[in-house]
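Content type mmCIF, C-alpha atoms and all ligand atoms, from the file structure.cif:
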```
data_input
loop_
_atom_site.label_atom_id
_atom_site.label_comp_id
_atom_site.auth_asym_id
_atom_site.auth_seq_id
_atom_site.Cartn_x
_atom_site.Cartn_y
_atom_site.Cartn_z
CA MET A 1 -2.46 59.32 -18.52
CA ALA A 2 -4.87 61.08 -20.83
CA ARG A 3 -8.01 59.20 -21.81
CA LEU A 4 -9.49 59.86 -25.21
CA ALA A 5 -13.19 60.62 -25.34
CA THR A 6 -15.55 58.44 -27.36
CA PRO A 7 -14.95 59.40 -30.98
CA PRO A 8 -17.58 61.77 -32.33
CA ALA A 9 -19.93 60.27 -34.93
CA SER A 10 -18.99 56.83 -33.66
CA TRP A 11 -20.43 53.79 -35.47
CA THR A 12 -20.34 51.73 -32.30
CA THR A 13 -22.47 54.09 -30.24
CA ARG A 14 -25.22 53.88 -32.87
CA TYR A 15 -25.75 50.37 -31.54
CA PRO A 16 -25.83 50.96 -27.79
CA GLU A 17 -26.41 47.29 -27.04
CA LEU A 18 -22.82 46.66 -28.12
CA GLY A 19 -21.29 48.86 -25.46
CA THR A 20 -17.77 50.16 -25.78
CA GLY A 21 -16.05 48.14 -23.08
CA LEU A 22 -13.15 45.72 -23.22
CA VAL A 23 -13.87 42.38 -24.91
CA SER A 24 -12.93 38.84 -23.89
CA TYR A 25 -11.98 36.23 -26.51
CA GLU A 26 -12.49 33.36 -24.12
CA ASP A 27 -15.18 32.34 -26.63
CA SER A 28 -12.37 31.61 -29.10
CA ILE A 29 -10.10 29.53 -26.89
CA SER A 30 -12.38 27.61 -24.53
CA PRO A 31 -13.11 23.99 -25.51
CA GLU A 32 -16.21 24.13 -23.29
CA PHE A 33 -17.53 27.18 -25.13
CA TYR A 34 -16.85 25.47 -28.45
CA GLU A 35 -19.05 22.56 -27.38
CA LEU A 36 -21.83 25.04 -26.61
CA GLU A 37 -21.41 26.77 -29.98
CA ARG A 38 -21.86 23.47 -31.77
CA GLU A 39 -25.33 23.09 -30.31
CA ALA A 40 -26.40 26.71 -29.87
CA ILE A 41 -25.24 27.99 -33.25
CA PHE A 42 -24.24 25.33 -35.75
CA ARG A 43 -27.20 23.05 -35.05
CA ARG A 44 -29.70 25.97 -35.05
CA ALA A 45 -28.65 28.68 -37.51
CA TRP A 46 -29.12 28.50 -41.27
CA LEU A 47 -25.77 27.49 -42.78
CA ASN A 48 -24.71 28.10 -46.36
CA VAL A 49 -23.26 24.92 -47.85
CA GLY A 50 -22.85 25.99 -51.47
CA ARG A 51 -24.48 27.28 -54.63
CA VAL A 52 -27.01 25.84 -57.04
CA GLU A 53 -24.30 25.86 -59.73
CA GLN A 54 -22.77 22.94 -57.82
CA LEU A 55 -25.95 20.99 -58.64
CA PRO A 56 -26.21 21.86 -62.33
CA ARG A 57 -28.63 19.13 -63.44
CA LYS A 58 -31.04 16.46 -62.28
CA GLY A 59 -28.99 13.81 -60.52
CA SER A 60 -26.18 16.17 -59.47
CA TYR A 61 -24.99 15.78 -55.91
CA PHE A 62 -22.22 16.83 -53.54
CA THR A 63 -21.32 15.98 -49.98
CA LYS A 64 -20.42 18.44 -47.24
CA GLU A 65 -18.49 17.38 -44.17
CA LEU A 66 -19.70 19.33 -41.12
CA ALA A 67 -17.41 18.24 -38.32
CA VAL A 68 -18.79 21.03 -36.14
CA ALA A 69 -22.20 19.34 -36.24
CA ARG A 70 -20.71 15.83 -36.22
CA THR A 71 -22.35 14.97 -39.51
CA SER A 72 -21.85 14.69 -43.23
CA LEU A 73 -24.52 16.06 -45.53
CA LEU A 74 -25.60 14.89 -48.97
CA LEU A 75 -27.00 17.60 -51.24
CA THR A 76 -28.87 16.48 -54.34
CA ARG A 77 -30.92 17.80 -57.20
CA ASP A 78 -33.66 15.23 -57.56
CA LEU A 79 -35.39 14.11 -60.74
CA ASP A 80 -37.97 16.88 -60.31
CA GLY A 81 -35.17 19.43 -60.17
CA GLN A 82 -35.63 20.13 -56.46
CA VAL A 83 -32.58 20.75 -54.26
CA ARG A 84 -32.61 18.47 -51.21
CA ALA A 85 -30.37 17.82 -48.22
CA PHE A 86 -29.93 14.61 -46.24
CA HIS A 87 -27.70 13.25 -43.55
CA ASN A 88 -25.18 11.11 -45.42
CA VAL A 89 -25.88 8.00 -43.32
CA CYS A 90 -27.19 4.65 -44.50
CA ARG A 91 -30.34 3.49 -42.71
CA HIS A 92 -29.11 -0.10 -42.51
CA ARG A 93 -26.13 -0.03 -40.15
CA GLY A 94 -24.99 3.56 -40.21
CA ASN A 95 -22.28 3.49 -42.85
CA LYS A 96 -21.50 6.82 -44.51
CA LEU A 97 -23.41 6.49 -47.75
CA VAL A 98 -21.59 8.65 -50.33
CA TRP A 99 -17.83 9.04 -50.50
CA ASP A 100 -15.05 8.30 -52.96
CA HIS A 101 -11.46 8.10 -51.83
CA THR A 102 -11.81 8.10 -48.08
CA PRO A 103 -14.92 8.40 -45.94
CA ARG A 104 -13.77 11.79 -44.65
CA SER A 105 -13.21 13.51 -48.00
CA GLU A 106 -15.95 15.40 -49.81
CA THR A 107 -17.11 14.35 -53.24
CA SER A 108 -19.51 15.33 -56.01
CA GLY A 109 -20.93 13.88 -59.19
CA VAL A 110 -24.03 12.88 -61.08
CA CYS A 111 -26.01 9.67 -60.59
CA ARG A 112 -29.49 8.19 -60.48
CA GLN A 113 -29.14 6.25 -57.22
CA PHE A 114 -26.73 6.08 -54.29
CA MET A 115 -25.51 2.59 -53.36
CA CYS A 116 -24.09 1.92 -49.92
CA LYS A 117 -20.61 0.40 -50.10
CA TYR A 118 -21.35 -1.99 -47.21
CA HIS A 119 -24.37 -4.16 -48.15
CA GLY A 120 -25.59 -2.46 -51.30
CA TRP A 121 -28.78 -0.70 -50.17
CA ARG A 122 -29.74 1.87 -52.77
CA TYR A 123 -31.41 5.26 -52.34
CA GLY A 124 -32.99 7.63 -54.84
CA LEU A 125 -32.06 11.28 -55.24
CA ASP A 126 -35.18 12.07 -53.19
CA GLY A 127 -33.81 9.98 -50.32
CA GLN A 128 -36.25 7.09 -50.74
CA LEU A 129 -34.88 3.61 -50.11
CA LYS A 130 -35.17 1.81 -53.46
CA PHE A 131 -33.41 -1.53 -53.07
CA VAL A 132 -32.53 -3.87 -50.22
CA LEU A 133 -30.44 -6.94 -50.85
CA GLN A 134 -32.31 -10.09 -49.69
CA GLU A 135 -35.16 -7.90 -48.52
CA GLU A 136 -37.25 -10.96 -47.62
CA GLU A 137 -34.82 -11.77 -44.79
CA PHE A 138 -35.76 -8.62 -42.85
CA PHE A 139 -38.59 -8.59 -40.31
CA ASP A 140 -41.84 -6.61 -40.70
CA PHE A 141 -39.92 -4.56 -43.21
CA ASP A 142 -41.19 -1.80 -45.48
CA LYS A 143 -38.64 0.18 -47.49
CA ALA A 144 -40.87 3.27 -47.20
CA ASP A 145 -40.03 3.37 -43.49
CA PHE A 146 -36.30 3.84 -44.12
CA PRO A 147 -35.60 6.90 -46.25
CA LEU A 148 -32.47 8.95 -45.74
CA VAL A 149 -32.87 11.39 -42.87
CA SER A 150 -33.67 14.72 -44.47
CA VAL A 151 -32.31 18.10 -43.39
CA HIS A 152 -34.16 21.41 -43.73
CA CYS A 153 -32.90 23.00 -46.91
CA GLU A 154 -33.82 26.29 -48.59
CA VAL A 155 -32.35 28.12 -51.56
CA TRP A 156 -32.04 31.90 -51.58
CA GLU A 157 -30.66 33.73 -54.61
CA GLY A 158 -28.98 30.48 -55.63
CA PHE A 159 -27.28 29.99 -52.24
CA ILE A 160 -28.11 26.64 -50.64
CA PHE A 161 -28.72 26.83 -46.90
CA VAL A 162 -29.39 24.00 -44.46
CA ASN A 163 -30.66 24.03 -40.90
CA LEU A 164 -29.92 21.07 -38.63
CA ALA A 165 -32.60 21.86 -36.06
CA ASP A 166 -35.50 19.43 -35.86
CA GLU A 167 -37.76 22.41 -36.53
CA PRO A 168 -36.03 25.73 -37.38
CA SER A 169 -37.41 28.58 -35.30
CA GLN A 170 -37.22 30.93 -38.31
CA SER A 171 -37.56 30.52 -42.05
CA LEU A 172 -34.40 31.27 -44.00
CA ARG A 173 -35.75 34.67 -45.08
CA GLU A 174 -36.71 35.59 -41.53
CA PHE A 175 -33.24 34.58 -40.41
CA LEU A 176 -31.49 36.62 -43.11
CA GLY A 177 -33.49 39.75 -42.31
CA PRO A 178 -33.89 42.96 -44.29
CA MET A 179 -30.24 43.99 -44.62
CA VAL A 180 -29.09 40.71 -46.18
CA LEU A 181 -32.29 40.42 -48.23
CA GLY A 182 -31.25 43.76 -49.73
CA LEU A 183 -28.89 41.70 -51.90
CA GLU A 184 -31.88 40.22 -53.71
CA GLY A 185 -31.77 40.99 -57.38
CA TYR A 186 -27.99 40.91 -57.69
CA PRO A 187 -27.26 38.77 -60.77
CA PHE A 188 -25.58 35.94 -58.89
CA HIS A 189 -27.02 33.56 -61.49
CA LEU A 190 -24.91 35.25 -64.19
CA CYS A 191 -21.68 34.63 -62.25
CA GLY A 192 -21.33 30.88 -62.71
CA GLU A 193 -17.58 30.60 -63.30
CA ARG A 194 -16.17 29.46 -59.98
CA PHE A 195 -12.66 29.10 -58.57
CA ALA A 196 -12.33 27.69 -55.07
CA PHE A 197 -9.64 27.24 -52.44
CA LYS A 198 -9.71 25.47 -49.09
CA ALA A 199 -7.24 25.72 -46.21
CA GLN A 200 -6.86 24.28 -42.73
CA ILE A 201 -6.37 27.22 -40.36
CA LEU A 202 -4.75 27.12 -36.92
CA SER A 203 -7.23 29.42 -35.21
CA ASN A 204 -10.74 29.52 -33.91
CA TRP A 205 -13.23 30.23 -36.72
CA LYS A 206 -14.19 33.62 -35.29
CA ILE A 207 -10.61 34.85 -35.23
CA PHE A 208 -10.39 34.56 -39.01
CA LEU A 209 -13.82 36.12 -39.45
CA ASP A 210 -12.53 39.02 -37.39
CA ALA A 211 -9.51 39.40 -39.67
CA PHE A 212 -11.79 39.90 -42.67
CA GLN A 213 -14.44 42.06 -41.08
CA GLU A 214 -12.43 45.13 -40.20
CA TYR A 215 -10.12 47.19 -42.39
CA TYR A 216 -8.23 48.69 -39.46
CA HIS A 217 -5.49 46.19 -40.28
CA ALA A 218 -5.39 46.98 -44.00
CA SER A 219 -2.85 49.77 -44.10
CA VAL A 220 -0.37 47.69 -42.11
CA LEU A 221 -0.96 44.04 -42.95
CA HIS A 222 -1.62 44.70 -46.66
CA SER A 223 0.74 47.62 -47.08
CA GLN A 224 1.91 46.23 -50.43
CA GLN A 225 -1.58 46.24 -51.89
CA GLN A 226 -3.00 49.58 -50.84
CA VAL A 227 -3.46 52.70 -52.89
CA PRO A 228 -0.91 55.28 -51.79
CA SER A 229 -3.53 57.52 -50.20
CA LEU A 230 -4.64 54.67 -47.95
CA ARG A 231 -1.26 53.15 -47.38
CA SER A 232 -0.08 54.80 -44.24
CA PHE A 233 1.15 53.39 -40.97
CA GLU A 234 0.35 56.79 -39.48
CA THR A 235 -3.15 57.66 -40.65
CA GLY A 236 -4.73 54.25 -41.29
CA TYR A 237 -8.01 53.82 -43.09
CA LYS A 238 -11.61 54.57 -42.15
CA VAL A 239 -14.51 52.51 -43.44
CA PRO A 240 -17.23 54.79 -44.82
CA HIS A 241 -20.21 52.56 -44.00
CA PHE A 242 -20.95 49.94 -41.35
CA GLN A 243 -24.36 48.41 -40.73
CA ILE A 244 -25.73 45.80 -38.35
CA ASP A 245 -28.99 43.89 -38.61
CA GLY A 246 -29.74 41.12 -36.11
CA PRO A 247 -26.75 38.78 -36.04
CA HIS A 248 -25.45 39.97 -39.44
CA ARG A 249 -23.04 42.75 -40.40
CA LEU A 250 -22.20 44.82 -43.48
CA ILE A 251 -19.07 46.77 -44.34
CA SER A 252 -19.05 48.87 -47.51
CA THR A 253 -16.05 50.62 -48.94
CA GLY A 254 -15.94 53.55 -51.31
CA GLY A 255 -14.43 53.43 -54.73
CA TRP A 256 -12.06 55.54 -56.69
CA LYS A 257 -12.82 58.00 -59.42
CA GLY A 258 -11.95 56.36 -62.68
CA THR A 259 -11.18 52.67 -63.05
CA PRO A 260 -9.21 50.53 -60.59
CA ARG A 261 -6.32 50.38 -63.04
CA HIS A 262 -5.00 53.24 -60.89
CA LEU A 263 -5.30 51.17 -57.73
CA LEU A 264 -1.58 50.70 -57.42
CA PRO A 265 1.42 52.47 -58.90
CA PRO A 266 2.94 50.15 -61.52
CA GLU A 267 6.02 49.42 -59.46
CA GLN A 268 3.82 47.99 -56.73
CA MET A 269 1.88 45.62 -58.97
CA TYR A 270 2.80 42.09 -59.72
CA PRO A 271 4.04 42.16 -63.33
CA ILE A 272 1.13 40.01 -64.40
CA GLU A 273 -1.39 42.69 -63.36
CA PRO A 274 -0.62 45.31 -66.00
CA ALA A 275 0.12 42.53 -68.48
CA THR A 276 -3.36 41.05 -68.10
CA GLN A 277 -5.30 44.11 -66.90
CA ALA A 278 -6.55 42.47 -63.74
CA GLY A 279 -5.68 42.44 -60.06
CA LEU A 280 -6.91 42.60 -56.49
CA MET A 281 -10.13 44.44 -57.33
CA GLY A 282 -10.89 42.25 -60.32
CA PRO A 283 -10.57 42.69 -64.06
CA TRP A 284 -9.87 46.35 -64.76
CA GLU A 285 -12.72 46.47 -67.24
CA ARG A 286 -16.16 45.52 -65.96
CA PRO A 287 -17.85 42.99 -68.26
CA ASP A 288 -20.29 44.52 -70.70
CA ILE A 289 -23.33 42.96 -69.01
CA PRO A 290 -26.17 45.38 -68.21
CA GLU A 291 -27.21 43.51 -65.05
CA LEU A 292 -23.72 44.13 -63.61
CA ASP A 293 -23.71 47.85 -64.28
CA PRO A 294 -23.71 49.58 -60.87
CA ALA A 295 -26.65 51.69 -62.04
CA ASN A 296 -28.74 48.50 -62.29
CA LEU A 297 -27.70 46.83 -59.03
CA PRO A 298 -30.11 46.54 -56.10
CA ALA A 299 -29.99 49.53 -53.75
CA GLY A 300 -29.52 47.14 -50.82
CA LEU A 301 -26.10 46.21 -52.15
CA ASN A 302 -24.82 49.67 -51.21
CA PRO A 303 -27.21 50.81 -48.48
CA GLY A 304 -24.82 53.57 -47.42
CA ASN A 305 -25.21 54.94 -50.96
CA LEU A 306 -21.47 55.43 -51.30
CA GLN A 307 -20.60 57.23 -54.54
CA PRO A 308 -18.39 55.90 -55.93
CA TRP A 309 -18.78 52.50 -54.33
CA SER A 310 -16.28 49.66 -54.40
CA ILE A 311 -17.05 46.58 -52.26
CA SER A 312 -19.88 45.44 -50.00
CA ASN A 313 -18.90 42.83 -47.47
CA PHE A 314 -21.94 40.97 -46.08
CA GLN A 315 -21.09 39.02 -42.93
CA ILE A 316 -23.93 36.53 -42.65
CA PHE A 317 -24.17 34.82 -39.26
CA PRO A 318 -22.61 32.58 -38.27
CA ASN A 319 -19.87 31.70 -40.76
CA PHE A 320 -20.71 32.89 -44.27
CA VAL A 321 -19.42 35.99 -46.04
CA ILE A 322 -20.31 37.44 -49.44
CA LEU A 323 -18.16 40.21 -50.91
CA VAL A 324 -19.60 41.90 -53.99
CA TYR A 325 -17.15 43.93 -56.08
CA GLU A 326 -17.98 46.92 -58.23
CA ARG A 327 -16.03 45.34 -61.13
CA GLY A 328 -18.79 42.78 -61.70
CA TRP A 329 -17.84 39.72 -59.66
CA TYR A 330 -18.16 38.40 -56.12
CA LEU A 331 -16.50 36.04 -53.68
CA THR A 332 -17.56 34.05 -50.65
CA TYR A 333 -15.85 32.78 -47.51
CA GLN A 334 -17.01 30.00 -45.23
CA TYR A 335 -15.42 29.13 -41.91
CA TRP A 336 -16.10 25.57 -40.71
CA PRO A 337 -14.91 24.88 -37.16
CA THR A 338 -13.04 21.63 -36.58
CA SER A 339 -12.09 22.30 -32.93
CA ALA A 340 -11.89 25.23 -30.54
CA GLY A 341 -8.56 26.24 -32.07
CA THR A 342 -8.84 25.12 -35.72
CA HIS A 343 -11.14 25.46 -38.69
CA ASP A 344 -11.40 24.75 -42.39
CA TRP A 345 -11.64 27.87 -44.49
CA GLU A 346 -13.17 28.00 -47.94
CA MET A 347 -12.85 30.82 -50.46
CA SER A 348 -14.77 30.84 -53.74
CA TYR A 349 -14.64 33.37 -56.58
CA TYR A 350 -17.52 33.80 -58.99
CA PHE A 351 -17.30 35.57 -62.33
CA PRO A 352 -19.55 35.83 -65.37
CA PRO A 353 -18.37 32.96 -67.60
CA ALA A 354 -15.41 34.11 -69.67
CA ARG A 355 -16.21 34.74 -73.32
CA THR A 356 -12.58 35.04 -74.42
CA ALA A 357 -9.24 33.61 -73.35
CA SER A 358 -8.26 37.08 -72.10
CA GLU A 359 -11.28 37.23 -69.80
CA ARG A 360 -10.49 33.80 -68.43
CA ILE A 361 -6.91 34.82 -67.68
CA ARG A 362 -8.12 37.99 -65.95
CA HIS A 363 -10.38 35.93 -63.73
CA GLU A 364 -7.53 33.62 -62.80
CA VAL A 365 -5.21 36.55 -62.09
CA THR A 366 -7.88 38.15 -59.90
CA ALA A 367 -8.28 34.90 -58.01
CA VAL A 368 -4.57 34.39 -57.31
CA VAL A 369 -3.83 38.04 -56.46
CA SER A 370 -6.84 38.11 -54.15
CA LYS A 371 -5.75 34.82 -52.62
CA GLU A 372 -2.36 36.37 -51.95
CA ALA A 373 -4.05 39.13 -49.95
CA ALA A 374 -6.08 36.52 -48.07
CA LEU A 375 -2.92 34.60 -47.22
CA GLN A 376 -1.57 37.80 -45.70
CA ASP A 377 -4.68 37.87 -43.49
CA ALA A 378 -4.21 34.22 -42.62
CA ALA A 379 -0.57 34.72 -41.68
CA THR A 380 -1.32 36.31 -38.31
CA LEU A 381 -3.98 33.86 -37.13
CA ASP A 382 -1.80 31.21 -35.52
CA GLY A 383 0.00 33.99 -33.66
CA THR A 384 -3.26 35.55 -32.47
CA GLN A 385 -4.61 32.20 -31.35
CA GLN A 386 -1.42 31.47 -29.41
CA GLY A 387 -1.49 34.90 -27.78
CA LEU A 388 -5.10 34.48 -26.71
CA GLU A 389 -4.52 30.93 -25.47
CA SER A 390 -1.73 32.15 -23.22
CA ARG A 391 -4.48 33.90 -21.20
CA VAL A 392 -1.90 36.50 -20.19
CA ILE A 393 -4.60 39.08 -20.96
CA ASP A 394 -8.28 38.50 -20.39
CA LYS A 395 -9.85 41.60 -21.94
CA TYR A 396 -8.93 43.67 -24.96
CA PRO A 397 -9.95 47.08 -26.35
CA LEU A 398 -11.69 47.51 -29.70
CA SER A 399 -11.80 50.69 -31.76
CA ASP A 400 -14.80 52.12 -33.54
CA GLN A 401 -13.38 50.66 -36.77
CA GLU A 402 -13.66 47.21 -35.15
CA ILE A 403 -17.37 47.45 -34.40
CA THR A 404 -17.93 44.30 -36.47
CA VAL A 405 -15.55 42.30 -34.27
CA ARG A 406 -17.41 43.50 -31.20
CA HIS A 407 -20.71 42.58 -32.78
CA LEU A 408 -19.75 39.05 -33.88
CA HIS A 409 -18.57 38.04 -30.42
CA LYS A 410 -21.68 39.55 -28.86
CA ALA A 411 -23.97 37.75 -31.33
CA VAL A 412 -22.22 34.43 -30.64
CA GLY A 413 -22.52 35.03 -26.90
CA ASP A 414 -26.19 35.94 -27.24
CA TRP A 415 -27.00 32.74 -29.13
CA VAL A 416 -25.17 30.61 -26.59
CA GLN A 417 -26.91 32.41 -23.72
CA ALA A 418 -30.31 31.92 -25.39
CA TYR A 419 -29.56 28.22 -25.81
CA LEU A 420 -28.55 27.87 -22.19
CA ARG A 421 -31.64 29.80 -21.11
CA ASP A 422 -34.29 27.93 -23.02
CA GLY A 423 -32.52 25.33 -25.09
CA LYS A 424 -34.16 26.64 -28.24
CA GLY A 425 -31.62 29.13 -29.52
CA THR A 426 -34.08 32.03 -29.45
CA ARG A 427 -32.81 34.78 -31.70
CA ALA A 428 -30.95 37.66 -30.16
S1 LIG A 501 -24.73 -0.15 -43.83
FE1 LIG A 501 -25.47 0.51 -45.74
S2 LIG A 501 -26.19 -1.29 -46.67
FE2 LIG A 501 -25.51 -1.95 -44.76
FE FE A 502 -7.19 41.81 -44.81
#
```
Please, can you express the file's structure as structure tokens?
Ligand code: FES
Ligand SMILES: [Fe+2]
Amino acid sequence: MARLATPPASWTTRYPELGTGLVSYEDSISPEFYELEREAIFRRAWLNVGRVEQLPRKGSYFTKELAVARTSLLLTRDLDGQVRAFHNVCRHRGNKLVWDHTPRSETSGVCRQFMCKYHGWRYGLDGQLKFVLQEEEFFDFDKADFPLVSVHCEVWEGFIFVNLADEPSQSLREFLGPMVLGLEGYPFHLCGERFAFKAQILSNWKIFLDAFQEYYHASVLHSQQQVPSLRSFETGYKVPHFQIDGPHRLISTGGWKGTPRHLLPPEQMYPIEPATQAGLMGPWERPDIPELDPANLPAGLNPGNLQPWSISNFQIFPNFVILVYERGWYLTYQYWPTSAGTHDWEMSYYFPPARTASERIRHEVTAVVSKEAALQDAATLDGTQQGLESRVIDKYPLSDQEITVRHLHKAVGDWVQAYLRDGKGTRA
């Protein structure tokens, strides 16, 4: 049988450390490997848990359930305006401090103090213990010795990151590295209108990341939503720019001459798309906001200098993705493992706040049409997980267009190996 040579101008061979060999997905089906990931990755890497818009004023708070790290976090904006993170655990007898309907559901709100539902201890937004019922009955007791346990927390471009290590081995900026820092200056702060979805997915977290980090699948899995020139079961689609920096990845796609109104022939659109002038790529008209004009965006957003440019997909290790669209909006994905074979998936859309009812409707149409595409991606995951778990096959080929899949599994393996080697999660 004829073997094909390595493709010329291959993206993969630009990163020789990746190799071109067959790849095992044992890392996505092994319960033992999942236990290692929890320590080696999710208790050592910087993790994005939300945006500053979720803490709009002094006293705002939200909780974040991190089953993968066996903890719940409490994020607050204290009375000085500082964003803080704590383990959501009462210092008295360990009760989860902040929750509403059930202890396992996330919540948010605004308050001045948090009161434990068990014996009424109260904590300030800065984590200090403020009130103890019958304090005089405790022994050698000083409230100052019992603040909430704080978690390392840093904010970058409005994204709130936490690190569960006792002492992170890198600052957040060191961890993000130059490629991701190239996003600095994008007007995230002007995109405060948020729509969010959450789903429980029957696959390992990396399997869904993989489904969103290559476009090899696009012409087949999303055949209903592709421009005719890209929509071909025979010729597929080639990404014009890949980039790798440390454990992070970037995929940029080129745009179309003219506006995306021509993205699909009318008969292929949902009727609401031409009716509202919005769809998969966003509102057809970019908002008239100078900071969102592509000419004013940071060069690092489109480091391949694609002209025209359409989307940059930043895959930030381990489980956070930012997609910035040329039409003046962005979305994020987060993948929170709940077991070796399941995870919770979060999708958030961010737009400049609508100034008219029409703009608001366009945002909502963009969100639901985009969610439809995402559900197409999600539809194969249970099947992939089942196929992998059968262990009928132990190694699989990856094409040059799947360099990002190869890289993610290597980065995960490197972090686990580093943890096993020195227990400190030294960066690969
Ligand atoms: S466990 Fe919180 S006050 Fe007792
Ligand atoms: Fe997809």
Taking only C-alpha atoms into account, name the residue in A:Met347, A:Leu73, A:Cys191, A:Leu79 that is nearest to Arg104 of chain A.
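Once distances to Arg104 of chain A are computed over only C-alpha atoms, the minimum belongs to A:Leu73.
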Contacts to ligand FE 502 (chain A) at 10 Å cut-off (all atoms listed in the file) as a PyMOL selection string
chain A and resi 208+210-222+373-378
Residues of chain A within 7 Å of ligand LIG 501 (chain A): nearest atom pair and distance (Å, one decimal) for each, counting only C-alpha atoms and all ligand atoms, sorted by chain and number, as JSON lines?
```
{"residue": "A:Cys90", "atom": "CA", "partner": "A:LIG501", "partner_atom": "FE1", "distance": 4.7}
{"residue": "A:Arg91", "atom": "CA", "partner": "A:LIG501", "partner_atom": "FE1", "distance": 6.5}
{"residue": "A:His92", "atom": "CA", "partner": "A:LIG501", "partner_atom": "S1", "distance": 4.6}
{"residue": "A:Arg93", "atom": "CA", "partner": "A:LIG501", "partner_atom": "S1", "distance": 3.9}
{"residue": "A:Gly94", "atom": "CA", "partner": "A:LIG501", "partner_atom": "S1", "distance": 5.2}
{"residue": "A:Asn95", "atom": "CA", "partner": "A:LIG501", "partner_atom": "S1", "distance": 4.5}
{"residue": "A:Leu97", "atom": "CA", "partner": "A:LIG501", "partner_atom": "FE1", "distance": 6.6}
{"residue": "A:Cys116", "atom": "CA", "partner": "A:LIG501", "partner_atom": "FE1", "distance": 4.6}
{"residue": "A:Lys117", "atom": "CA", "partner": "A:LIG501", "partner_atom": "FE1", "distance": 6.5}
{"residue": "A:Tyr118", "atom": "CA", "partner": "A:LIG501", "partner_atom": "FE2", "distance": 4.8}
{"residue": "A:His119", "atom": "CA", "partner": "A:LIG501", "partner_atom": "S2", "distance": 3.7}
{"residue": "A:Gly120", "atom": "CA", "partner": "A:LIG501", "partner_atom": "S2", "distance": 4.8}
{"residue": "A:Trp121", "atom": "CA", "partner": "A:LIG501", "partner_atom": "S2", "distance": 4.4}
```
Between atom CA of Thr276 of chain A and atom CA of Arg362 of chain A, what is the distance, to one decimal in Å?
6.1 Å
Mind giving me the straight-line distance from atom CA of Leu125 of chain A to atom CA of Val155 of chain A in Å, one decimal?
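One can read the atom CA of Leu125 of chain A to atom CA of Val155 of chain A distance as 17.2 Å.
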One number please: atom CA of Phe320 of chain A to atom CA of Gln334 of chain A, in Å, one decimal.
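Pair atom CA of Phe320 of chain A / atom CA of Gln334 of chain A returns 4.8 Å.
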Could you check which of A:Thr342, A:Gln277, A:Ser399, A:Asn313 is closest to Glu359 of chain A, using only C-alpha atoms?
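Looking only at the distances to Glu359 of chain A, the closest residue turns out to be A:Gln277.
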Nearest-residue call for Tyr186 of chain A, choices A:Asp288, A:Asp126, A:Asp140, A:Glu326, using all atoms listed in the file
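Among the listed residues, the smallest separation from Tyr186 of chain A belongs to A:Glu326.
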